[in-house]
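Shown next: work.txt, given as compact mmCIF, C-alpha atoms.
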```txt
# COMPACT_ATOMS: atom_id res chain seq x y z
CA MET A 18 120.62 56.04 125.69
CA GLY A 19 122.42 54.77 128.76
CA LEU A 20 124.74 57.74 128.42
CA ILE A 21 121.82 60.16 128.69
CA ALA A 22 120.55 58.28 131.74
CA ARG A 23 123.98 58.50 133.34
CA ALA A 24 124.20 62.27 132.70
CA ALA A 25 120.74 62.84 134.23
CA GLU A 26 121.50 60.64 137.22
CA ALA A 27 124.78 62.48 137.81
CA ALA A 28 122.75 65.72 137.84
CA GLY A 29 120.52 64.37 140.62
CA ILE A 30 117.65 62.87 138.58
CA ALA A 31 116.65 59.24 139.23
CA THR A 32 116.46 57.34 135.93
CA VAL A 33 115.18 54.04 134.60
CA SER A 34 116.08 52.91 131.06
CA ILE A 35 114.16 50.37 129.00
CA VAL A 36 116.52 48.48 126.69
CA GLY A 37 116.34 45.73 124.10
CA LEU A 38 119.99 44.69 124.24
CA ARG A 39 121.30 43.51 127.58
CA GLU A 40 124.86 43.32 126.22
CA ILE A 41 125.07 47.07 125.65
CA ALA A 42 123.54 47.89 129.05
CA GLU A 43 126.15 45.67 130.70
CA ARG A 44 128.88 47.82 129.20
CA VAL A 45 127.38 51.31 129.29
CA ARG A 46 125.79 50.60 132.71
CA PRO A 47 122.76 52.85 133.06
CA PRO A 48 121.80 53.39 136.73
CA ARG A 49 118.65 51.21 136.48
CA THR A 50 117.76 49.10 133.45
CA VAL A 51 114.74 47.08 132.39
CA HIS A 52 115.65 44.58 129.68
CA LEU A 53 112.96 43.29 127.34
CA LYS A 54 114.22 41.17 124.44
CA TRP A 55 111.63 42.51 122.04
CA PRO A 56 112.08 43.74 118.45
CA PHE A 57 113.79 47.09 117.94
CA GLY A 58 111.34 49.96 117.75
CA HIS A 59 108.93 48.26 120.20
CA PRO A 60 110.36 48.94 123.68
CA LEU A 61 106.88 48.96 125.26
CA GLY A 62 105.36 46.23 123.15
CA GLU A 63 102.76 45.88 120.45
CA PRO A 64 100.85 48.76 118.88
CA GLY A 65 97.34 49.04 120.31
CA ASN A 66 98.11 46.92 123.38
CA ALA A 67 97.73 49.57 126.09
CA ALA A 68 97.72 47.00 128.91
CA GLN A 69 101.10 45.66 127.78
CA GLN A 70 102.54 49.16 127.44
CA LEU A 71 101.27 50.18 130.88
CA ASN A 72 102.72 47.04 132.44
CA VAL A 73 106.15 48.03 131.12
CA ILE A 74 105.74 51.58 132.47
CA HIS A 75 104.55 50.28 135.85
CA TYR A 76 107.40 47.77 136.10
CA ALA A 77 109.98 50.43 135.14
CA LEU A 78 108.70 53.14 137.51
CA GLU A 79 108.61 50.65 140.38
CA LYS A 80 112.34 50.11 139.84
CA LEU A 81 112.94 53.78 140.66
CA TYR A 82 112.05 52.78 144.23
CA THR A 83 113.12 49.16 144.58
CA ALA A 84 116.55 49.10 142.88
CA GLU A 85 118.87 48.87 145.85
CA GLU A 86 122.17 49.42 144.10
CA PRO A 87 123.47 51.17 140.97
CA GLY A 88 123.67 49.41 137.62
CA LEU A 89 121.12 46.63 138.14
CA ILE A 90 119.40 45.09 135.09
CA PHE A 91 115.87 43.79 135.64
CA GLU A 92 114.21 41.23 133.37
CA PRO A 93 110.48 40.63 133.67
CA ASP A 94 110.79 37.77 131.14
CA TRP A 95 107.60 38.72 129.37
CA ARG A 96 107.11 37.31 125.91
CA TRP A 97 106.72 39.73 123.07
CA ARG A 98 103.37 38.29 122.04
CA ARG A 99 100.91 35.71 123.39
CA GLU A 100 101.24 37.07 126.92
CA ARG A 101 98.05 38.12 128.68
CA TYR A 102 98.32 41.51 130.30
CA ALA A 103 95.89 42.92 132.82
CA LEU A 104 95.93 46.64 133.49
CA PRO A 105 98.48 47.20 136.28
CA GLU A 106 97.17 48.27 139.66
CA GLY A 107 98.87 49.93 142.58
CA TRP A 108 100.87 52.97 141.59
CA ASP A 109 101.60 54.06 145.17
CA PHE A 110 105.36 53.72 145.10
CA MET B 28 129.07 63.49 101.68
CA SER B 29 131.74 61.23 100.15
CA ASP B 30 130.84 58.09 98.22
CA PHE B 31 132.27 56.04 101.05
CA ASP B 32 130.16 57.81 103.64
CA GLY B 33 127.06 57.31 101.52
CA LEU B 34 127.75 53.60 101.12
CA ARG B 35 128.41 53.22 104.82
CA GLN B 36 125.17 54.98 105.61
CA ASN B 37 123.10 52.85 103.26
CA LEU B 38 124.58 49.69 104.73
CA SER B 39 123.79 50.97 108.25
CA ARG B 40 120.22 51.66 107.24
CA MET B 41 119.73 48.20 105.75
CA PHE B 42 121.41 46.59 108.73
CA GLY B 43 119.18 48.51 111.16
CA GLN B 44 116.08 47.33 109.33
CA VAL B 45 117.28 43.71 109.39
CA LEU B 46 118.10 43.93 113.11
CA SER B 47 114.59 45.23 113.77
CA HIS B 48 113.18 41.95 112.49
CA VAL B 49 115.73 39.37 113.63
CA PRO B 50 116.18 39.62 117.42
CA ALA B 51 118.82 36.86 117.55
CA LEU B 52 120.98 38.79 115.11
CA ALA B 53 120.44 41.95 117.15
CA GLN B 54 121.78 40.16 120.24
CA THR B 55 124.92 39.18 118.34
CA TRP B 56 125.34 42.73 117.13
CA GLY B 57 124.93 43.95 120.72
CA ARG B 58 127.87 41.82 121.81
CA THR B 59 130.17 43.28 119.18
CA PHE B 60 128.89 46.88 119.23
CA GLU B 61 131.63 49.30 120.17
CA SER B 62 130.09 51.05 123.12
CA VAL B 63 131.47 53.09 125.93
CA ILE B 64 132.55 50.84 128.79
CA SER B 65 131.71 52.27 132.20
CA GLU B 66 132.90 51.19 135.63
CA GLU B 67 131.35 53.65 138.07
CA VAL B 68 127.58 54.13 137.96
CA PRO B 69 125.97 57.37 139.19
CA PHE B 70 122.99 56.80 141.48
CA THR B 71 120.30 59.13 142.84
CA ARG B 72 117.57 57.92 145.17
CA LEU B 73 114.06 59.22 144.67
CA PRO B 74 113.04 60.85 147.97
CA LYS B 75 109.33 61.35 147.27
CA PRO B 76 106.34 59.19 146.34
CA LEU B 77 105.38 58.85 142.66
CA ARG B 78 102.23 60.93 143.19
CA GLU B 79 104.52 63.90 143.98
CA VAL B 80 107.21 63.21 141.38
CA ARG B 81 107.81 65.38 138.34
CA LEU B 82 108.65 62.87 135.63
CA ALA B 83 110.20 63.43 132.23
CA LEU B 84 110.41 61.07 129.27
CA ALA B 85 113.36 60.81 126.90
CA THR B 86 113.75 58.61 123.87
CA THR B 87 116.57 57.89 121.44
CA GLY B 88 114.00 56.88 118.84
CA GLY B 89 114.33 60.13 116.87
CA VAL B 90 111.04 61.70 118.02
CA HIS B 91 110.63 65.44 117.38
CA LEU B 92 107.98 68.09 116.72
CA ARG B 93 106.90 68.53 113.12
CA ASN B 94 108.10 72.15 113.25
CA GLN B 95 111.57 71.28 114.62
CA THR B 96 114.62 70.58 112.46
CA PRO B 97 114.70 66.81 111.84
CA PHE B 98 117.69 64.78 113.05
CA ASP B 99 120.58 64.80 110.59
CA MET B 100 120.38 61.61 108.56
CA ALA B 101 123.04 62.74 106.08
CA ASP B 102 125.81 62.22 108.65
CA SER B 103 126.39 58.48 109.05
CA ARG B 104 127.92 59.04 112.49
CA GLY B 105 124.62 60.27 113.85
CA ASP B 106 123.30 63.46 115.40
CA ALA B 107 124.02 64.18 119.08
CA THR B 108 121.57 67.08 119.37
CA PHE B 109 118.23 66.81 121.15
CA ARG B 110 114.73 68.26 120.74
CA PRO B 111 112.72 69.48 123.78
CA LEU B 112 109.16 68.16 123.55
CA PRO B 113 106.58 69.94 125.73
CA ALA B 114 104.59 67.45 127.82
CA ALA B 115 101.28 68.79 126.48
CA THR B 116 102.25 68.21 122.82
CA PRO B 117 99.37 66.60 120.88
CA ARG B 118 100.22 63.28 119.21
CA GLU B 119 99.68 64.71 115.73
CA ASP B 120 102.45 67.28 116.27
CA LEU B 121 105.08 64.56 116.83
CA MET B 122 107.01 62.64 114.18
CA ILE B 123 110.02 60.33 113.91
CA THR B 124 113.19 60.93 111.90
CA HIS B 125 115.51 57.95 112.36
CA ASP B 126 116.51 55.69 109.47
CA TYR B 127 118.23 53.01 111.48
CA TYR B 128 115.30 51.03 112.84
CA ASP B 129 111.87 50.06 111.59
CA HIS B 130 109.44 52.54 113.15
CA THR B 131 106.37 51.55 111.13
CA ASN B 132 104.57 50.36 114.26
CA ALA B 133 105.72 53.31 116.37
CA VAL B 134 104.14 55.64 113.81
CA ARG B 135 100.88 53.66 114.14
CA ASP B 136 100.99 53.81 117.95
CA LEU B 137 103.63 56.14 119.35
CA ASN B 138 102.98 54.78 122.86
CA ILE B 139 105.08 51.70 122.08
CA LEU B 140 108.11 53.98 121.94
CA PHE B 141 107.22 57.35 123.41
CA PRO B 142 104.33 56.78 125.85
CA LEU B 143 103.52 60.42 126.49
CA GLU B 144 99.75 59.82 126.27
CA HIS B 145 99.93 57.07 128.92
CA LEU B 146 101.99 59.32 131.20
CA ARG B 147 99.48 62.16 130.81
CA ASP B 148 96.69 59.71 131.77
CA LEU B 149 98.69 58.62 134.85
CA VAL B 150 99.10 62.27 135.90
CA ALA B 151 95.36 62.87 135.36
CA ALA B 152 94.62 59.83 137.54
CA GLY B 153 96.81 61.23 140.30
CA HIS B 154 99.40 58.41 140.13
CA ILE B 155 102.24 60.67 138.92
CA GLY B 156 102.74 64.21 140.24
CA SER B 157 103.41 66.04 136.99
CA LEU B 158 105.33 65.85 133.74
CA GLY B 159 108.34 67.95 132.81
CA THR B 160 109.45 68.76 129.28
CA CYS B 161 110.39 65.56 127.46
CA TYR B 162 113.35 65.03 125.13
CA GLY B 163 113.91 63.44 121.75
CA PHE B 164 117.37 62.18 120.83
CA MET B 165 118.43 59.76 118.11
CA GLY B 166 120.48 56.68 118.87
CA HIS B 167 123.14 55.29 116.56
CA ILE B 168 125.69 57.91 117.58
CA GLU B 169 129.33 57.22 116.82
CA PRO B 170 132.57 59.17 117.38
CA PRO B 171 133.16 62.08 117.16
CA HIS B 172 129.51 62.82 117.96
CA LEU B 173 129.58 60.36 120.86
CA GLU B 174 131.93 62.72 122.70
CA ALA B 175 129.56 65.63 122.02
CA LEU B 176 126.71 63.59 123.52
CA ILE B 177 128.70 62.66 126.63
CA ASN B 178 130.33 66.02 127.23
CA GLU B 179 127.80 68.50 125.89
CA THR B 180 124.28 67.58 124.85
CA ALA B 181 123.35 64.93 127.46
CA PRO B 182 124.59 67.11 130.39
CA GLU B 183 122.79 70.10 128.85
CA ALA B 184 119.47 68.19 128.69
CA ALA B 185 120.04 67.07 132.31
CA ARG B 186 120.67 70.68 133.34
CA LEU B 187 117.42 71.81 131.67
CA MET B 188 115.53 69.04 133.48
CA ARG B 189 116.97 70.07 136.83
CA GLU B 190 116.10 73.68 136.14
CA GLU B 191 112.50 72.60 135.61
CA GLY B 192 112.40 70.58 138.84
CA VAL B 193 112.35 67.15 137.21
CA ASP B 194 112.85 64.37 139.80
CA ALA B 195 112.86 61.27 137.60
CA LEU B 196 113.41 60.28 133.98
CA LEU B 197 112.08 57.33 131.98
CA LEU B 198 114.15 56.49 128.88
CA THR B 199 113.20 54.44 125.85
CA PRO B 200 115.32 53.36 122.86
CA GLY B 201 114.51 53.30 119.17
```

Reformat the file's structure so that it appears as structure tokens.
Amino acid sequence: MGLIARAAEAAGIATVSIVGLREIAERVRPPRTVHLKWPFGHPLGEPGNAAQQLNVIHYALEKLYTAEEPGLIFEPDWRWRRERYALPEGWDF
Amino acid sequence: MSDFDGLRQNLSRMFGQVLSHVPALAQTWGRTFESVISEEVPFTRLPKPLREVRLALATTGGVHLRNQTPFDMADSRGDATFRPLPAATPREDLMITHDYYDHTNAVRDLNILFPLEHLRDLVAAGHIGSLGTCYGFMGHIEPPHLEALINETAPEAARLMREEGVDALLLTPG
């Protein structure tokens, strides 16, 4: 996936990649990465938990604006379950 | 398909299912996975606010339209092709073909993997400018298909996005 991000970025498209394995991102080096150590197949969280999913989207899109240098990996350190998510506010990036 | 290829593929499938449920094992696998090692990192700044951005979504989770050719699961080295997914596609027209991770929950709620419905809501709310065509790939791509991804299909998808005026891309794995 990082390879697709790199191709898009090289073509002039800003990218942010959500990954579950930091070790691969460290080697492939997507331009901007959000690492969540959650089970495979659940990059945005639990089924039915829209607030959790939107928090991941909000966090990732914000990185399109705040990542200051190429190749950074961001970790919100959210737990997979038992985390309370409020709907994210403030989308004016 | 040779017997060896078939065996290799079945082992990969089982392994992918196990990794889906044992995160610690997945981390170990990540450390030993033979991936491309990159030094330079391309970087494009986003020169406009999100409310004006045309965003696309791409996933390597094997998402495609029901009427598109499914990803090739018979080749154990993966399938480097992609499927364009129009941003207005209804949920019921999308499906997943990818044997190497457990997508039971993603089938129940596709937004955990391919959050097209959330992105459409964010456009409707005025937070995101618009959506471009989205793209389904499958992960688990090994040589020689890895070279096809790097040199052909990923740049081709990027070219199509540029042609459509896409400014930014959100990517999710399987």

Contact set, chain A to chain B: 8 Å, all atoms listed in the file, as a PyMOL selection string = chain A and resi 18+20-41+44-48+54-65+70-71+77-78+81-82+86-88+108-110

Write the residues of the preceding selection, restricted to C-alpha atoms, as a CSV table (one decimal), in the frame of the given file.
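Output below, filename result24.csv:
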```csv
chain,number,residue,atom,x,y,z
A,18,MET,CA,120.6,56.0,125.7
A,20,LEU,CA,124.7,57.7,128.4
A,21,ILE,CA,121.8,60.2,128.7
A,22,ALA,CA,120.6,58.3,131.7
A,23,ARG,CA,124.0,58.5,133.3
A,24,ALA,CA,124.2,62.3,132.7
A,25,ALA,CA,120.7,62.8,134.2
A,26,GLU,CA,121.5,60.6,137.2
A,27,ALA,CA,124.8,62.5,137.8
A,28,ALA,CA,122.8,65.7,137.8
A,29,GLY,CA,120.5,64.4,140.6
A,30,ILE,CA,117.6,62.9,138.6
A,31,ALA,CA,116.6,59.2,139.2
A,32,THR,CA,116.5,57.3,135.9
A,33,VAL,CA,115.2,54.0,134.6
A,34,SER,CA,116.1,52.9,131.1
A,35,ILE,CA,114.2,50.4,129.0
A,36,VAL,CA,116.5,48.5,126.7
A,37,GLY,CA,116.3,45.7,124.1
A,38,LEU,CA,120.0,44.7,124.2
A,39,ARG,CA,121.3,43.5,127.6
A,40,GLU,CA,124.9,43.3,126.2
A,41,ILE,CA,125.1,47.1,125.6
A,44,ARG,CA,128.9,47.8,129.2
A,45,VAL,CA,127.4,51.3,129.3
A,46,ARG,CA,125.8,50.6,132.7
A,47,PRO,CA,122.8,52.8,133.1
A,48,PRO,CA,121.8,53.4,136.7
A,54,LYS,CA,114.2,41.2,124.4
A,55,TRP,CA,111.6,42.5,122.0
A,56,PRO,CA,112.1,43.7,118.4
A,57,PHE,CA,113.8,47.1,117.9
A,58,GLY,CA,111.3,50.0,117.8
A,59,HIS,CA,108.9,48.3,120.2
A,60,PRO,CA,110.4,48.9,123.7
A,61,LEU,CA,106.9,49.0,125.3
A,62,GLY,CA,105.4,46.2,123.2
A,63,GLU,CA,102.8,45.9,120.4
A,64,PRO,CA,100.8,48.8,118.9
A,65,GLY,CA,97.3,49.0,120.3
A,70,GLN,CA,102.5,49.2,127.4
A,71,LEU,CA,101.3,50.2,130.9
A,77,ALA,CA,110.0,50.4,135.1
A,78,LEU,CA,108.7,53.1,137.5
A,81,LEU,CA,112.9,53.8,140.7
A,82,TYR,CA,112.0,52.8,144.2
A,86,GLU,CA,122.2,49.4,144.1
A,87,PRO,CA,123.5,51.2,141.0
A,88,GLY,CA,123.7,49.4,137.6
A,108,TRP,CA,100.9,53.0,141.6
A,109,ASP,CA,101.6,54.1,145.2
A,110,PHE,CA,105.4,53.7,145.1
```

Dig up all the protein and nucleic acid residues within 12 Å of (98.5, 46.4, 139.9) in the file frame, using all atoms listed in the file, and format them as a list in words.
-> Ala68, Leu71, Asn72, Val73, Ile74, His75, Tyr76, Glu79, Tyr102, Ala103, Leu104, Pro105, Glu106, Gly107, Trp108, Asp109 and Phe110 of chain A

Report the distance between CA of Phe98 (chain B) and CA of Val51 (chain A) in Å, rounded to one decimal place.
-> 26.4 Å

Give me the residues within 9 Å of Pro170 (chain B) as a list in words, counting only C-alpha atoms and dropping any in the same chain fewer than 4 places off.
->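 These residues fall inside the cut-off: Arg104, Gly105, Glu174 and Ala175 of chain B.
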
Only C-alpha atoms, please: the residues just picked out, written as a PDB file, keeping the file's coordinate frame.
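Done, and the output landed in part17.pdb:
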```pdb
ATOM      1  CA  ARG B 104     127.920  59.040 112.490  1.00  0.00           C
ATOM      2  CA  GLY B 105     124.620  60.270 113.850  1.00  0.00           C
ATOM      3  CA  GLU B 174     131.930  62.720 122.700  1.00  0.00           C
ATOM      4  CA  ALA B 175     129.560  65.630 122.020  1.00  0.00           C
TER       5      ALA B 175
END
```

Please measure the separation of CA of Asp106 (chain B) and CA of Asp126 (chain B), giving the value in Å to one decimal.
->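 Straight-line distance from CA of Asp106 (chain B) to CA of Asp126 (chain B) works out to 11.9 Å.
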
Of the candidates A:Arg49, A:Glu43, A:Gly19, A:Gln69, which shows the shortest atom-to-atom distance to Glu85 (chain A), using all atoms listed in the file?
->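 With all atoms listed in the file as the atom set, the closest residue is A:Arg49.
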
Hey, can you check how far CA of His172 (chain B) sits from CA of Gln95 (chain B)?
->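 It comes out at 20.1 Å.
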
Listed atoms of region 42-52 of chain A, axis-aligned box, 4 Å per side: centre and edge lengths to one decimal in Å, as JSON?
```
{"center_x": 121.8, "center_y": 49.0, "center_z": 132.9, "size_x": 22.1, "size_y": 16.8, "size_z": 15.7}
```
